[in-house]
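Next comes run.pdb, with PDB, C-alpha atoms, pLDDT in the B column.
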ATOM      1  CA  MET S   1      57.114 -24.419 -16.216  1.00 57.00           C
ATOM      2  CA  ASP S   2      53.737 -25.951 -16.914  1.00 79.00           C
ATOM      3  CA  PHE S   3      52.809 -25.299 -13.285  1.00 70.00           C
ATOM      4  CA  LEU S   4      53.702 -21.608 -13.506  1.00 69.00           C
ATOM      5  CA  GLU S   5      51.751 -21.242 -16.739  1.00 77.00           C
ATOM      6  CA  LYS S   6      48.676 -22.742 -15.057  1.00 75.00           C
ATOM      7  CA  ILE S   7      49.026 -20.314 -12.150  1.00 75.00           C
ATOM      8  CA  GLY S   8      49.411 -17.427 -14.597  1.00 73.00           C
ATOM      9  CA  ASP S   9      46.356 -18.550 -16.561  1.00 75.00           C
ATOM     10  CA  THR S  10      44.337 -18.886 -13.365  1.00 79.00           C
ATOM     11  CA  ILE S  11      45.347 -15.404 -12.203  1.00 81.00           C
ATOM     12  CA  THR S  12      44.474 -13.964 -15.623  1.00 83.00           C
ATOM     13  CA  LEU S  13      41.106 -15.724 -15.620  1.00 79.00           C
ATOM     14  CA  LYS S  14      40.291 -14.581 -12.077  1.00 81.00           C
ATOM     15  CA  GLY S  15      41.303 -11.034 -12.990  1.00 84.00           C
ATOM     16  CA  LYS S  16      38.950 -11.047 -15.988  1.00 85.00           C
ATOM     17  CA  GLU S  17      36.140 -12.473 -13.849  1.00 87.00           C
ATOM     18  CA  ALA S  18      36.709  -9.795 -11.215  1.00 88.00           C
ATOM     19  CA  ALA S  19      36.694  -7.075 -13.875  1.00 90.00           C
ATOM     20  CA  GLU S  20      33.428  -8.398 -15.315  1.00 90.00           C
ATOM     21  CA  LYS S  21      31.880  -8.558 -11.840  1.00 90.00           C
ATOM     22  CA  ALA S  22      32.999  -4.994 -11.118  1.00 93.00           C
ATOM     23  CA  LYS S  23      31.494  -3.863 -14.427  1.00 92.00           C
ATOM     24  CA  GLU S  24      28.183  -5.582 -13.554  1.00 94.00           C
ATOM     25  CA  ILE S  25      28.135  -3.973 -10.111  1.00 95.00           C
ATOM     26  CA  ALA S  26      28.808  -0.531 -11.596  1.00 95.00           C
ATOM     27  CA  GLU S  27      26.102  -0.993 -14.216  1.00 95.00           C
ATOM     28  CA  ILE S  28      23.587  -2.145 -11.608  1.00 96.00           C
ATOM     29  CA  ALA S  29      24.451   0.827  -9.373  1.00 96.00           C
ATOM     30  CA  ASN S  30      23.934   3.168 -12.329  1.00 95.00           C
ATOM     31  CA  LEU S  31      20.554   1.599 -13.135  1.00 97.00           C
ATOM     32  CA  LYS S  32      19.462   1.787  -9.489  1.00 96.00           C
ATOM     33  CA  SER S  33      20.418   5.458  -9.467  1.00 97.00           C
ATOM     34  CA  GLN S  34      18.277   6.028 -12.555  1.00 97.00           C
ATOM     35  CA  ILE S  35      15.392   4.169 -10.877  1.00 97.00           C
ATOM     36  CA  SER S  36      15.713   6.436  -7.821  1.00 97.00           C
ATOM     37  CA  THR S  37      15.603   9.504 -10.065  1.00 97.00           C
ATOM     38  CA  CYS S  38      12.458   8.235 -11.786  1.00 97.00           C
ATOM     39  CA  GLU S  39      10.833   7.451  -8.428  1.00 97.00           C
ATOM     40  CA  GLU S  40      11.624  10.977  -7.194  1.00 97.00           C
ATOM     41  CA  VAL S  41       9.976  12.440 -10.311  1.00 97.00           C
ATOM     42  CA  ILE S  42       6.906  10.274  -9.686  1.00 97.00           C
ATOM     43  CA  LYS S  43       6.757  11.258  -6.008  1.00 97.00           C
ATOM     44  CA  LYS S  44       7.150  14.964  -6.816  1.00 97.00           C
ATOM     45  CA  ASN S  45       4.368  14.834  -9.382  1.00 97.00           C
ATOM     46  CA  TYR S  46       2.034  12.857  -7.120  1.00 96.00           C
ATOM     47  CA  MET S  47       2.558  15.509  -4.466  1.00 96.00           C
ATOM     48  CA  GLU S  48       1.926  18.292  -6.961  1.00 97.00           C
ATOM     49  CA  ILE S  49      -1.291  16.600  -8.113  1.00 96.00           C
ATOM     50  CA  GLY S  50      -2.392  16.342  -4.487  1.00 94.00           C
ATOM     51  CA  LYS S  51      -1.575  19.984  -3.840  1.00 95.00           C
ATOM     52  CA  ILE S  52      -3.516  21.103  -6.912  1.00 96.00           C
ATOM     53  CA  TYR S  53      -6.471  18.903  -5.922  1.00 94.00           C
ATOM     54  CA  PHE S  54      -6.440  20.324  -2.399  1.00 94.00           C
ATOM     55  CA  GLU S  55      -6.279  23.895  -3.653  1.00 94.00           C
ATOM     56  CA  MET S  56      -9.153  23.304  -6.061  1.00 94.00           C
ATOM     57  CA  TYR S  57     -11.414  20.987  -4.042  1.00 92.00           C
ATOM     58  CA  GLY S  58     -10.118  20.970  -0.459  1.00 91.00           C
ATOM     59  CA  ASP S  59     -13.188  22.730   0.897  1.00 91.00           C
ATOM     60  CA  MET S  60     -15.583  20.354  -0.861  1.00 91.00           C
ATOM     61  CA  ALA S  61     -13.572  17.172  -1.184  1.00 87.00           C
ATOM     62  CA  GLU S  62     -15.421  13.930  -1.640  1.00 89.00           C
ATOM     63  CA  GLU S  63     -14.422  10.510  -0.379  1.00 90.00           C
ATOM     64  CA  PRO S  64     -11.826   9.077  -0.418  1.00 90.00           C
ATOM     65  CA  PHE S  65     -10.089  12.487  -0.152  1.00 92.00           C
ATOM     66  CA  ALA S  66     -12.238  14.199   2.490  1.00 92.00           C
ATOM     67  CA  LYS S  67     -10.350  12.788   5.484  1.00 92.00           C
ATOM     68  CA  GLN S  68      -6.955  13.872   4.146  1.00 93.00           C
ATOM     69  CA  CYS S  69      -8.271  17.334   3.240  1.00 93.00           C
ATOM     70  CA  ARG S  70      -9.679  17.768   6.771  1.00 93.00           C
ATOM     71  CA  SER S  71      -6.313  16.724   8.186  1.00 94.00           C
ATOM     72  CA  ILE S  72      -4.542  19.300   6.027  1.00 94.00           C
ATOM     73  CA  HIS S  73      -7.003  22.021   7.098  1.00 95.00           C
ATOM     74  CA  ASN S  74      -6.489  21.085  10.760  1.00 96.00           C
ATOM     75  CA  ALA S  75      -2.708  21.096  10.382  1.00 96.00           C
ATOM     76  CA  LYS S  76      -2.792  24.495   8.644  1.00 94.00           C
ATOM     77  CA  ASN S  77      -4.926  25.886  11.478  1.00 96.00           C
ATOM     78  CA  GLY S  78      -2.460  24.416  13.958  1.00 96.00           C
ATOM     79  CA  VAL S  79       0.430  26.120  12.186  1.00 96.00           C
ATOM     80  CA  GLU S  80      -1.404  29.460  12.294  1.00 96.00           C
ATOM     81  CA  ASP S  81      -2.103  29.062  16.021  1.00 95.00           C
ATOM     82  CA  LEU S  82       1.504  28.173  16.761  1.00 96.00           C
ATOM     83  CA  GLN S  83       2.788  31.103  14.698  1.00 96.00           C
ATOM     84  CA  LYS S  84       0.509  33.434  16.678  1.00 95.00           C
ATOM     85  CA  LYS S  85       1.929  32.049  19.929  1.00 95.00           C
ATOM     86  CA  ILE S  86       5.465  32.707  18.655  1.00 95.00           C
ATOM     87  CA  LYS S  87       4.520  36.294  17.819  1.00 92.00           C
ATOM     88  CA  ASP S  88       2.962  36.700  21.273  1.00 92.00           C
ATOM     89  CA  ILE S  89       6.118  35.428  22.946  1.00 93.00           C
ATOM     90  CA  LYS S  90       8.244  37.825  20.860  1.00 92.00           C
ATOM     91  CA  GLY S  91       5.857  40.655  21.740  1.00 88.00           C
ATOM     92  CA  MET S  92       4.812  41.360  18.195  1.00 80.00           C
TER      93      MET S  92
END

As structure tokens, the full file:
Amino acid sequence: MDFLEKIGDTITLKGKEAAEKAKEIAEIANLKSQISTCEEVIKKNYMEIGKIYFEMYGDMAEEPFAKQCRSIHNAKNGVEDLQKKIKDIKGM
């Protein structure tokens, strides 16, 4: 019977270890999810700051922002040109 008790104890111990490991994994996943949420908030606010800067200073941006502001202006002009082409194709 000593043998069966040892097997039972081992199974109980391994079960507790597995439960602890599962708890750790769940806690880590939860923390990583919270980190992702925080990073999304940071990214959103960085983008909003950039948008506000561009709206306020895009026409007179100084380095190191001038290159990016020119790229945005060029892309906006490209969008306008492409939208005009779409309207032309539709006959508008």

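You can rank S:Asn77, S:Ser71, S:Asn45, S:Thr10 by their closest distance to S:Gly58 using all atoms listed in the file, and at the top of that list sits S:Ser71.
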
Between atom CA of S:Cys69 and atom CA of S:Met56 - distance in Å to one decimal
11.1 Å

Just give me the gap between atom CA of S:Thr12 and atom CA of S:Ala26 in Å, one decimal is fine.
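Between these atoms lies a distance of 21.0 Å.
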
Grab the atom CA of S:His73 to atom CA of S:Phe54 distance for me, in Å with one decimal place.
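Between atom CA of S:His73 and atom CA of S:Phe54 the gap is 9.7 Å.
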
From the set S:Thr37, S:Asn74, S:Gln83, S:Gln68, which residue has the shortest atom-to-atom contact distance to S:Gly50, counting only C-alpha atoms?
S:Gln68

Starting from 5 Å padding per side, set up an axis-aligned box that covers all listed atoms of stretch 51-56 of chain S and hand over centre and edge lengths in Å, one decimal, as AutoDock Vina command-line options.
--center_x -5.4 --center_y 21.4 --center_z -4.7 --size_x 17.6 --size_y 15.0 --size_z 14.5

Counting only C-alpha atoms, which residues of stretch 21-65 of chain S fall within 12 Å of stretch 13-16 of chain S, and what is the closest atom pair for each with its distance in Å at one decimal, ordered by chain and rising number, as a Markdown table?
| residue | atom | partner | partner_atom | distance |
| --- | --- | --- | --- | --- |
| S:Lys21 | CA | S:Lys16 | CA | 8.6 |
| S:Ala22 | CA | S:Lys16 | CA | 9.8 |
| S:Lys23 | CA | S:Lys16 | CA | 10.5 |
